[in-house]
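The data block below is upload.cif; it holds mmCIF, C-alpha atoms.
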data_structure
#
loop_
_atom_site.label_atom_id
_atom_site.label_comp_id
_atom_site.auth_asym_id
_atom_site.auth_seq_id
_atom_site.Cartn_x
_atom_site.Cartn_y
_atom_site.Cartn_z
CA MET A 1 -4.84 36.61 -23.33
CA LEU A 2 -7.26 33.82 -22.42
CA PHE A 3 -10.41 35.57 -23.64
CA LYS A 4 -11.38 38.23 -26.19
CA THR A 5 -13.88 40.60 -24.68
CA SER A 6 -15.11 44.14 -24.92
CA GLN A 7 -12.66 47.00 -25.26
CA ASN A 8 -12.62 47.71 -21.54
CA GLY A 9 -11.21 44.20 -20.98
CA PHE A 10 -13.37 43.67 -17.87
CA LEU A 11 -13.79 39.93 -18.29
CA ASP A 12 -10.12 39.49 -19.05
CA SER A 13 -9.00 41.26 -15.92
CA PHE A 14 -11.62 39.50 -13.79
CA LEU A 15 -11.35 35.94 -15.03
CA GLN A 16 -7.68 35.50 -15.84
CA PRO A 17 -6.45 35.48 -12.21
CA ILE A 18 -9.18 32.98 -11.27
CA ILE A 19 -8.43 30.63 -14.16
CA GLY A 20 -4.73 30.96 -13.48
CA SER A 21 -5.30 29.90 -9.88
CA ILE A 22 -7.35 26.89 -10.97
CA LEU A 23 -4.67 25.81 -13.43
CA PHE A 24 -2.00 26.19 -10.75
CA VAL A 25 -3.96 23.96 -8.35
CA LEU A 26 -4.58 21.32 -11.02
CA LEU A 27 -0.98 21.24 -12.17
CA SER A 28 0.48 21.21 -8.68
CA THR A 29 -1.84 18.51 -7.30
CA PRO A 30 0.00 15.17 -7.07
CA VAL A 31 -1.27 12.44 -9.37
CA SER A 32 -2.78 9.69 -7.23
CA ALA A 33 -3.04 7.05 -9.95
CA TYR A 34 -1.42 3.74 -9.13
CA THR A 35 -1.29 0.18 -10.41
CA ILE A 36 -1.58 -3.15 -8.59
CA TYR A 37 0.29 -6.26 -9.74
CA VAL A 38 -0.74 -9.76 -8.63
CA SER A 39 1.03 -13.07 -9.31
CA SER A 40 -1.16 -16.13 -9.90
CA GLU A 41 0.85 -19.30 -9.41
CA LYS A 42 -1.69 -21.62 -11.07
CA ASP A 43 -2.18 -19.53 -14.22
CA ASN A 44 1.46 -18.42 -14.65
CA LYS A 45 0.31 -14.84 -15.00
CA ILE A 46 0.69 -11.36 -13.60
CA THR A 47 -2.69 -9.63 -13.31
CA VAL A 48 -2.67 -5.82 -13.62
CA ILE A 49 -5.31 -3.79 -11.76
CA ASP A 50 -5.93 -0.06 -12.18
CA GLY A 51 -5.87 1.59 -8.75
CA ASP A 52 -8.47 4.24 -9.57
CA SER A 53 -11.17 2.04 -11.08
CA LEU A 54 -10.11 -1.13 -9.20
CA LYS A 55 -10.62 -3.10 -12.40
CA VAL A 56 -8.37 -5.61 -14.15
CA VAL A 57 -6.77 -3.92 -17.15
CA ASP A 58 -4.20 -6.47 -18.30
CA GLU A 59 -2.73 -9.95 -17.88
CA VAL A 60 0.84 -10.94 -18.70
CA SER A 61 2.04 -14.51 -19.14
CA VAL A 62 5.25 -15.34 -17.25
CA GLY A 63 7.19 -18.44 -16.22
CA GLU A 64 6.00 -21.40 -14.21
CA ARG A 65 4.47 -20.82 -10.77
CA PRO A 66 5.07 -17.11 -10.09
CA ARG A 67 4.96 -16.36 -6.38
CA GLY A 68 7.01 -13.63 -4.73
CA ILE A 69 7.20 -10.35 -6.67
CA ALA A 70 9.04 -7.10 -5.97
CA LEU A 71 9.26 -3.67 -7.59
CA SER A 72 12.52 -1.97 -8.41
CA ASN A 73 13.11 1.16 -6.36
CA ASP A 74 12.57 3.33 -9.45
CA GLY A 75 9.24 1.60 -10.14
CA LYS A 76 10.16 0.65 -13.70
CA THR A 77 10.65 -3.08 -13.27
CA LEU A 78 8.87 -6.02 -11.66
CA TYR A 79 10.98 -8.96 -10.48
CA ILE A 80 9.16 -12.29 -10.32
CA CYS A 81 10.07 -15.52 -8.52
CA THR A 82 9.04 -18.12 -11.09
CA SER A 83 9.46 -20.96 -8.66
CA ASP A 84 9.08 -23.99 -10.94
CA ALA A 85 11.29 -22.38 -13.61
CA ASP A 86 14.06 -21.93 -11.01
CA HIS A 87 14.89 -18.34 -11.90
CA ILE A 88 13.85 -14.70 -11.51
CA GLU A 89 12.01 -13.11 -14.44
CA VAL A 90 12.37 -9.40 -15.18
CA LEU A 91 9.24 -7.63 -16.43
CA ASP A 92 9.59 -4.19 -18.03
CA LEU A 93 6.53 -2.27 -16.81
CA GLN A 94 6.53 0.10 -19.76
CA THR A 95 6.42 -2.55 -22.46
CA MET A 96 4.85 -5.22 -20.19
CA LYS A 97 7.25 -7.80 -21.58
CA VAL A 98 9.72 -10.11 -19.85
CA THR A 99 13.11 -8.87 -21.05
CA HIS A 100 15.42 -11.41 -19.44
CA THR A 101 15.95 -13.69 -16.44
CA LEU A 102 18.25 -13.58 -13.44
CA PRO A 103 19.88 -16.59 -11.78
CA SER A 104 18.63 -17.95 -8.49
CA GLY A 105 18.82 -21.27 -6.73
CA PRO A 106 16.09 -23.91 -7.10
CA ASP A 107 12.53 -22.88 -6.25
CA PRO A 108 12.86 -19.15 -5.46
CA GLU A 109 9.90 -18.12 -3.33
CA LEU A 110 10.35 -14.57 -2.03
CA LEU A 111 12.78 -11.80 -2.92
CA VAL A 112 13.72 -8.24 -1.94
CA ILE A 113 15.60 -5.47 -3.74
CA GLY A 114 18.51 -3.65 -2.13
CA PRO A 115 19.18 0.12 -2.25
CA GLN A 116 19.89 1.77 -5.62
CA ASP A 117 18.57 -1.36 -7.39
CA LYS A 118 22.07 -2.83 -7.30
CA TYR A 119 21.43 -6.23 -5.73
CA LEU A 120 18.54 -8.65 -5.47
CA TYR A 121 18.18 -11.22 -2.68
CA ALA A 122 16.10 -14.38 -3.18
CA ALA A 123 15.12 -17.21 -0.83
CA ASN A 124 15.53 -20.59 -2.51
CA GLU A 125 13.28 -23.06 -0.78
CA ASP A 126 14.83 -26.26 -2.15
CA ASP A 127 18.52 -25.71 -1.36
CA ASN A 128 18.38 -23.78 1.95
CA MET A 129 20.18 -20.77 0.50
CA VAL A 130 19.67 -17.05 0.11
CA THR A 131 21.08 -15.93 -3.25
CA MET A 132 22.57 -12.49 -3.86
CA VAL A 133 22.32 -11.37 -7.50
CA ASP A 134 23.95 -8.40 -9.24
CA ILE A 135 21.01 -6.91 -11.14
CA GLU A 136 23.00 -4.99 -13.76
CA LYS A 137 25.57 -7.69 -14.46
CA ARG A 138 22.89 -10.43 -14.25
CA VAL A 139 25.12 -12.77 -12.29
CA LYS A 140 24.95 -14.59 -8.99
CA VAL A 141 27.32 -12.91 -6.51
CA THR A 142 27.14 -15.30 -3.59
CA GLU A 143 24.92 -17.67 -1.62
CA ILE A 144 24.31 -17.66 2.13
CA GLN A 145 23.49 -20.88 3.94
CA VAL A 146 20.39 -20.51 6.11
CA GLY A 147 17.86 -22.88 7.68
CA VAL A 148 15.69 -25.49 6.02
CA GLU A 149 13.04 -24.19 3.57
CA PRO A 150 13.88 -20.47 3.55
CA GLU A 151 11.03 -18.14 2.61
CA GLY A 152 10.53 -14.77 4.31
CA MET A 153 12.76 -11.90 3.16
CA GLY A 154 12.66 -8.61 5.06
CA ILE A 155 15.22 -5.88 4.36
CA SER A 156 15.88 -3.11 6.88
CA PRO A 157 15.05 0.49 5.86
CA ASP A 158 18.76 1.38 5.81
CA GLY A 159 19.54 -1.60 3.57
CA LYS A 160 22.12 -3.04 5.99
CA TRP A 161 20.26 -6.09 7.30
CA LEU A 162 18.24 -8.88 5.79
CA VAL A 163 16.00 -11.15 7.85
CA ASN A 164 15.25 -14.52 6.29
CA THR A 165 12.84 -17.03 7.81
CA SER A 166 13.29 -20.80 7.52
CA GLU A 167 10.02 -22.71 7.62
CA THR A 168 11.35 -26.01 8.94
CA THR A 169 14.14 -24.70 11.19
CA ASN A 170 11.64 -22.24 12.74
CA MET A 171 14.13 -19.39 12.84
CA ALA A 172 14.56 -15.79 11.76
CA HIS A 173 18.12 -15.38 10.47
CA PHE A 174 19.71 -11.92 10.72
CA ILE A 175 22.07 -11.50 7.74
CA ASN A 176 24.60 -8.65 7.71
CA LEU A 177 24.55 -7.37 4.12
CA GLN A 178 28.00 -5.81 4.52
CA ASN A 179 29.74 -9.16 4.95
CA MET A 180 26.91 -11.48 3.81
CA LYS A 181 27.05 -13.54 7.00
CA VAL A 182 24.34 -14.77 9.35
CA GLU A 183 25.06 -12.98 12.63
CA ASP A 184 22.03 -14.03 14.71
CA ASN A 185 19.32 -16.68 14.72
CA VAL A 186 16.07 -16.07 16.59
CA LEU A 187 13.87 -19.06 17.37
CA VAL A 188 10.20 -18.36 16.62
CA ASP A 189 7.09 -20.52 16.41
CA GLN A 190 6.44 -23.23 13.86
CA ARG A 191 6.69 -22.50 10.11
CA PRO A 192 7.68 -18.81 9.90
CA ARG A 193 6.60 -17.28 6.59
CA VAL A 194 7.05 -13.50 6.33
CA ALA A 195 9.48 -11.01 7.90
CA GLN A 196 8.56 -7.32 7.87
CA PHE A 197 10.58 -4.44 9.31
CA SER A 198 8.85 -1.44 10.86
CA ASN A 199 9.50 1.79 8.96
CA ASP A 200 11.87 3.06 11.69
CA GLY A 201 13.84 -0.19 11.56
CA LYS A 202 13.49 -0.83 15.29
CA GLN A 203 11.36 -3.96 15.00
CA VAL A 204 10.92 -6.89 12.66
CA TRP A 205 7.64 -8.80 12.69
CA VAL A 206 7.70 -12.51 11.80
CA SER A 207 4.58 -14.57 11.12
CA SER A 208 4.48 -18.26 12.11
CA GLU A 209 1.87 -20.02 10.01
CA ILE A 210 1.47 -23.31 11.93
CA GLY A 211 2.40 -21.78 15.29
CA GLY A 212 -0.45 -19.31 14.82
CA THR A 213 1.53 -16.34 16.15
CA VAL A 214 3.42 -13.22 15.11
CA SER A 215 6.73 -12.59 16.89
CA VAL A 216 7.80 -8.96 17.28
CA ILE A 217 11.60 -8.88 17.48
CA ASP A 218 13.72 -5.97 18.70
CA THR A 219 16.31 -5.46 15.96
CA GLN A 220 19.07 -4.29 18.31
CA SER A 221 18.84 -6.89 21.05
CA ARG A 222 17.37 -9.61 18.78
CA LYS A 223 14.99 -10.44 21.61
CA ILE A 224 11.29 -11.20 21.11
CA LEU A 225 9.32 -8.30 22.56
CA LYS A 226 5.91 -9.87 22.10
CA LYS A 227 4.23 -12.93 20.65
CA ILE A 228 0.84 -11.96 19.30
CA LYS A 229 -1.82 -14.68 19.39
CA PHE A 230 -5.16 -14.71 17.62
CA LYS A 231 -8.58 -15.94 18.60
CA ILE A 232 -11.61 -15.69 16.32
CA PRO A 233 -15.04 -16.82 17.57
CA GLY A 234 -16.30 -19.78 15.56
CA ILE A 235 -12.93 -20.44 13.86
CA HIS A 236 -10.80 -23.38 15.01
CA LYS A 237 -7.33 -22.27 16.09
CA ASP A 238 -5.68 -24.59 13.55
CA LEU A 239 -7.23 -22.54 10.75
CA ILE A 240 -5.72 -19.28 12.02
CA GLN A 241 -2.44 -19.24 10.11
CA PRO A 242 -0.60 -15.89 9.94
CA VAL A 243 1.31 -15.23 6.73
CA GLY A 244 1.44 -11.74 5.17
CA ILE A 245 2.32 -8.67 7.28
CA LYS A 246 2.14 -4.97 6.48
CA ILE A 247 2.89 -2.14 8.91
CA THR A 248 1.80 1.45 8.24
CA ASP A 249 4.53 4.03 7.61
CA ASP A 250 3.70 5.82 10.87
CA GLY A 251 4.11 2.52 12.69
CA LYS A 252 0.73 2.72 14.42
CA GLN A 253 -1.07 -0.24 12.85
CA ALA A 254 -0.17 -3.66 11.50
CA PHE A 255 -2.30 -5.78 9.17
CA ILE A 256 -1.85 -9.56 9.33
CA ALA A 257 -3.21 -12.06 6.79
CA LEU A 258 -4.56 -15.13 8.60
CA GLY A 259 -4.71 -17.73 5.84
CA PRO A 260 -7.59 -20.26 5.96
CA ALA A 261 -9.34 -18.16 8.63
CA ALA A 262 -10.22 -15.76 5.77
CA ARG A 263 -9.50 -12.82 8.05
CA VAL A 264 -7.08 -9.92 8.27
CA ALA A 265 -6.20 -8.91 11.82
CA VAL A 266 -5.69 -5.21 12.54
CA ILE A 267 -3.24 -4.62 15.39
CA ASP A 268 -2.45 -1.54 17.47
CA THR A 269 1.34 -1.63 17.47
CA SER A 270 1.73 0.37 20.68
CA SER A 271 -0.23 -2.13 22.77
CA PHE A 272 0.00 -5.19 20.46
CA GLU A 273 -3.75 -5.55 20.93
CA ILE A 274 -6.01 -6.69 18.12
CA GLU A 275 -8.38 -3.92 17.07
CA LYS A 276 -10.50 -5.89 14.64
CA TYR A 277 -10.77 -8.94 12.41
CA LEU A 278 -11.84 -8.23 8.83
CA LEU A 279 -13.53 -10.92 6.73
CA VAL A 280 -11.81 -11.22 3.33
CA GLY A 281 -11.52 -13.94 0.67
CA GLN A 282 -10.55 -17.55 1.26
CA ARG A 283 -6.95 -18.46 2.10
CA VAL A 284 -5.60 -14.92 2.41
CA TRP A 285 -1.86 -14.90 1.67
CA ASN A 286 -0.19 -11.53 1.19
CA LEU A 287 -0.90 -7.82 1.50
CA ALA A 288 0.00 -4.46 -0.03
CA PHE A 289 -0.90 -0.84 0.76
CA SER A 290 -2.03 1.77 -1.73
CA PRO A 291 0.58 4.60 -1.92
CA ASP A 292 -1.52 6.85 0.37
CA GLU A 293 -2.26 3.90 2.70
CA LYS A 294 -6.00 4.47 2.38
CA PHE A 295 -6.44 0.88 1.22
CA VAL A 296 -4.96 -2.55 1.88
CA PHE A 297 -5.15 -5.17 -0.86
CA THR A 298 -5.05 -8.90 -0.10
CA THR A 299 -4.40 -11.95 -2.28
CA ASN A 300 -6.88 -14.73 -1.55
CA GLY A 301 -5.50 -18.01 -2.88
CA VAL A 302 -8.63 -20.19 -2.81
CA SER A 303 -11.34 -17.69 -3.78
CA ASN A 304 -9.06 -16.33 -6.56
CA ASP A 305 -9.65 -12.69 -5.79
CA VAL A 306 -8.17 -9.57 -4.22
CA SER A 307 -10.00 -7.97 -1.29
CA VAL A 308 -9.91 -4.18 -0.96
CA ILE A 309 -9.85 -2.93 2.65
CA ASP A 310 -10.72 0.67 3.50
CA VAL A 311 -8.12 1.49 6.18
CA GLY A 312 -9.92 4.51 7.63
CA ARG A 313 -13.21 2.67 8.09
CA LEU A 314 -11.64 -0.76 8.69
CA LYS A 315 -14.13 -2.31 6.27
CA VAL A 316 -13.79 -4.45 3.18
CA LYS A 317 -14.85 -2.32 0.23
CA LYS A 318 -14.99 -4.90 -2.57
CA SER A 319 -13.29 -7.91 -4.14
CA ILE A 320 -11.61 -8.11 -7.54
CA ARG A 321 -11.52 -11.33 -9.50
CA VAL A 322 -7.99 -12.29 -10.62
CA GLY A 323 -6.16 -15.44 -11.77
CA ARG A 324 -6.06 -18.81 -10.06
CA LEU A 325 -4.12 -19.08 -6.79
CA PRO A 326 -3.15 -15.41 -6.42
CA TRP A 327 -0.04 -15.19 -4.25
CA GLY A 328 2.17 -12.10 -4.44
CA ILE A 329 1.05 -8.48 -4.65
CA VAL A 330 2.77 -5.09 -5.03
CA VAL A 331 1.57 -1.56 -5.78
CA ARG A 332 3.30 0.94 -8.06
CA GLN A 333 2.64 4.67 -8.20
#
Now, as a test, write the supplied structure out as structure tokens.
Amino acid sequence: MLFKTSQNGFLDSFLQPIIGSILFVLLSTPVSAYTIYVSSEKDNKITVIDGDSLKVVDEVSVGERPRGIALSNDGKTLYICTSDADHIEVLDLQTMKVTHTLPSGPDPELLVIGPQDKYLYAANEDDNMVTMVDIEKRVKVTEIQVGVEPEGMGISPDGKWLVNTSETTNMAHFINLQNMKVEDNVLVDQRPRVAQFSNDGKQVWVSSEIGGTVSVIDTQSRKILKKIKFKIPGIHKDLIQPVGIKITDDGKQAFIALGPAARVAVIDTSSFEIEKYLLVGQRVWNLAFSPDEKFVFTTNGVSNDVSVIDVGRLKVKKSIRVGRLPWGIVVRQ
């Protein structure tokens, strides 16, 4: 009984079904809370932002020059490329403490996690290698020779292919994760930075920072379907430098960070046409979606903040002050 009432029990019989329905709705409604993690390479910190309030709630000191960060598939662990420390740091997200390190080559910049959290793959900028690490055993499994200054690391949705970009060689390298061999090299424009697969795995998008373009590559034929160019009134073309890429789960829109242009380009993926340029903070680097894809968050390396983009309205909602030189960003639900 939820209530004590008169002997006829009228209120009990009237209110209990209603309250029961309300409780059912509350208990069955998914929790939308999420957390944003940002690496700041100048401060050697991970900044923690609450997704509901969009306020900084914590800062964690890590190794020297943290850049690329990635979440484990179970959402319990954050892996951090501490580039000047020459290793990967492992941050337990329950205790918010670094528990141990994983081996990498010199100057790891970006990394991705394979299926079942078994292997980690890191791009080591200073030795032209991609390192494969066994996460549980904490050992280096193998290294794959790629082009000069490797950075971008995009893993296919099925976990079978890894695309690495080499900034000086100007190539996207297709690595077969079954045999750990480079099976194709696709020439793109100057200084490729990020590789991002579409959710269906049919395309991989590669940003070329100095070339000022994004190449859309067909993953089967390894042919470039389209080179997307950018033009912003009042901004010199040399300042339009694509870096971060995020594609919506439905594959309909892509968001591209344009570096010193302080803009994010919104692209219709069916036509490859630019829908809009959004003004964000200075030197926009990387991007992450909220779990429901209602927002895009950007790291702005010179203005030291994170811009919050409302995806439905295609407007910047606010900025959040973080550490110096924010670089990597991920979102955990």
Would you mind telling me which residue in A:Arg193, A:Asn164, A:His100, A:Pro108 lies nearest to A:Ile135 when using all atoms listed in the file?
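Nearest to A:Ile135: A:His100.
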Could you state which residues are captured by the PyMOL selection byres ((chain A and resi 64-71) around 7) in this file, as a list in words?
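Selected by the PyMOL selection byres ((chain A and resi 64-71) around 7) in this file: Ser39, Ser40, Glu41, Lys42, Asn44, Val62, Gly63, Ser72, Asn73, Gly75, Thr77, Leu78, Tyr79, Ile80, Cys81, Thr82, Ser83, Asp84, Ala85, Glu109, Leu110, Leu111, Val112, Trp327, Gly328, Ile329 and Val330 of chain A.
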Suppose we keep C-alpha atoms; can you now write the selection as a short mmCIF file (atom, residue, chain, number, x, y, z; two decimals), keeping the file's coordinate frame?
data_model
loop_
_atom_site.label_atom_id
_atom_site.label_comp_id
_atom_site.auth_asym_id
_atom_site.auth_seq_id
_atom_site.Cartn_x
_atom_site.Cartn_y
_atom_site.Cartn_z
CA SER A 39 1.03 -13.07 -9.31
CA SER A 40 -1.16 -16.13 -9.90
CA GLU A 41 0.85 -19.30 -9.41
CA LYS A 42 -1.69 -21.62 -11.07
CA ASN A 44 1.46 -18.42 -14.65
CA VAL A 62 5.25 -15.34 -17.25
CA GLY A 63 7.19 -18.44 -16.22
CA SER A 72 12.52 -1.97 -8.41
CA ASN A 73 13.11 1.16 -6.36
CA GLY A 75 9.24 1.60 -10.14
CA THR A 77 10.65 -3.08 -13.27
CA LEU A 78 8.87 -6.02 -11.66
CA TYR A 79 10.98 -8.96 -10.48
CA ILE A 80 9.16 -12.29 -10.32
CA CYS A 81 10.07 -15.52 -8.52
CA THR A 82 9.04 -18.12 -11.09
CA SER A 83 9.46 -20.96 -8.66
CA ASP A 84 9.08 -23.99 -10.94
CA ALA A 85 11.29 -22.38 -13.61
CA GLU A 109 9.90 -18.12 -3.33
CA LEU A 110 10.35 -14.57 -2.03
CA LEU A 111 12.78 -11.80 -2.92
CA VAL A 112 13.72 -8.24 -1.94
CA TRP A 327 -0.04 -15.19 -4.25
CA GLY A 328 2.17 -12.10 -4.44
CA ILE A 329 1.05 -8.48 -4.65
CA VAL A 330 2.77 -5.09 -5.03
#
What separation in Å, quoted to one decimal, exists between atom CA of A:Gln282 and atom CA of A:Val302?
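Rounded to one decimal, the two atoms are 5.2 Å apart.
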From the set A:Lys140, A:Lys202, A:Arg321, A:Arg313, which residue has the shortest atom-to-atom contact distance to A:Ser156, counting only C-alpha atoms?
A:Lys202
Evaluate the PyMOL selection byres ((chain A and resi 35) around 12) against this structure - the residues, as JSON, numbers by chain, please.
{"A": [32, 33, 34, 36, 37, 38, 47, 48, 49, 50, 51, 52, 53, 54, 55, 56, 57, 58, 71, 75, 76, 78, 93, 288, 289, 290, 291, 297, 329, 330, 331, 332, 333]}
So what do you get for atom CA of A:Ile224 versus atom CA of A:Ser208, distance-wise?
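A separation of 13.3 Å between them.
Within 10 Å of A:Ser271, once only C-alpha atoms are used and residues closer than 4 positions along the same chain are dropped, the contacting residues are Lys226, Lys252 and Ile267 of chain A.
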Between atom CA of A:Leu279 and atom CA of A:Gly212 - distance in Å to one decimal
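So the two atoms, atom CA of A:Gly212 and atom CA of A:Leu279, lie 17.5 Å apart.
Between A:Thr142 and the candidates A:Lys160, A:Lys181, A:Lys231, A:Lys45, the tightest atom-to-atom separation, counting all atoms listed in the file, involves A:Lys181.
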Would you write out, as a compact mmCIF listing (two decimals) with C-alpha atoms, keeping the file's coordinate frame, every residue that the PyMOL selection byres ((chain A and resi 167) around 7) captures in this file?
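Contents of the output file part-v6.txt:
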# COMPACT_ATOMS: atom_id res chain seq x y z
CA VAL A 148 15.69 -25.49 6.02
CA GLU A 149 13.04 -24.19 3.57
CA PRO A 150 13.88 -20.47 3.55
CA GLU A 151 11.03 -18.14 2.61
CA THR A 165 12.84 -17.03 7.81
CA SER A 166 13.29 -20.80 7.52
CA THR A 168 11.35 -26.01 8.94
CA THR A 169 14.14 -24.70 11.19
CA ASN A 170 11.64 -22.24 12.74
CA ARG A 191 6.69 -22.50 10.11
CA PRO A 192 7.68 -18.81 9.90
CA ARG A 193 6.60 -17.28 6.59
What are the centre and edge lengths in Å, to one decimal, of the axis-aligned box around all listed atoms of stretch 295-298 of chain A with 4 Å added on each side, as lines of an AutoDock Vina configuration file?
center_x = -5.7
center_y = -4.0
center_z = 0.5
size_x = 9.5
size_y = 17.8
size_z = 10.7
Residues at most 7 Å from stretch 235-243 of chain A, counting all atoms listed in the file, excluding those fewer than 3 positions away in the same chain, as a VMD selection string?
chain A and resid 193 to 194 207 to 210 212 to 213 231 to 232 256 to 261 285 to 286
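For the set A:Ile144, A:Val264, A:Ile217, A:Ile245, the residue with the smallest atom-to-atom gap to A:Gln203 is A:Ile217, counting all atoms listed in the file.
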Counting only C-alpha atoms, which of A:Asn128, A:Ser215, A:Ser270, A:Gln145 gets nearest to A:Val188?
A:Ser215
Report as a PyMOL selection string all protein, DNA and RNA residues lying within 8 Å of A:Val311, evaluated on all atoms listed in the file, omitting residues in the same chain fewer than 5 positions from it.
chain A and resi 293-296
Give me, as a compact mmCIF listing (two decimals) with C-alpha atoms, keeping the file's coordinate frame, all polymer residues having an atom no more than 7 Å from A:Ile175, counting only C-alpha atoms and skipping those fewer than 5 positions away in the same chain.
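The resulting selection-v4.txt:
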# COMPACT_ATOMS: atom_id res chain seq x y z
CA TRP A 161 20.26 -6.09 7.30
CA LEU A 162 18.24 -8.88 5.79
CA VAL A 163 16.00 -11.15 7.85
CA MET A 180 26.91 -11.48 3.81
CA LYS A 181 27.05 -13.54 7.00
CA VAL A 182 24.34 -14.77 9.35
CA GLU A 183 25.06 -12.98 12.63
For A:Arg138, which residue out of A:Ile228, A:Ile155, A:Leu120, A:Val284 is the nearest one, using only C-alpha atoms?
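Under the stated criterion, the closest residue is A:Leu120.
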Contact residues around A:Val322 with only C-alpha atoms at 7 Å, ignoring same-chain residues under 2 positions, as a list in words
Thr47, Asn304, Asp305, Val306, Ile320 and Arg324 of chain A
Counting only C-alpha atoms, find the residues whose atoms lie at most 10 Å from (16.7, -6.2, 17.5) (file coordinates) and write them out as a ChimeraX atom specification.
/A:174,184,186,201-204,216-225
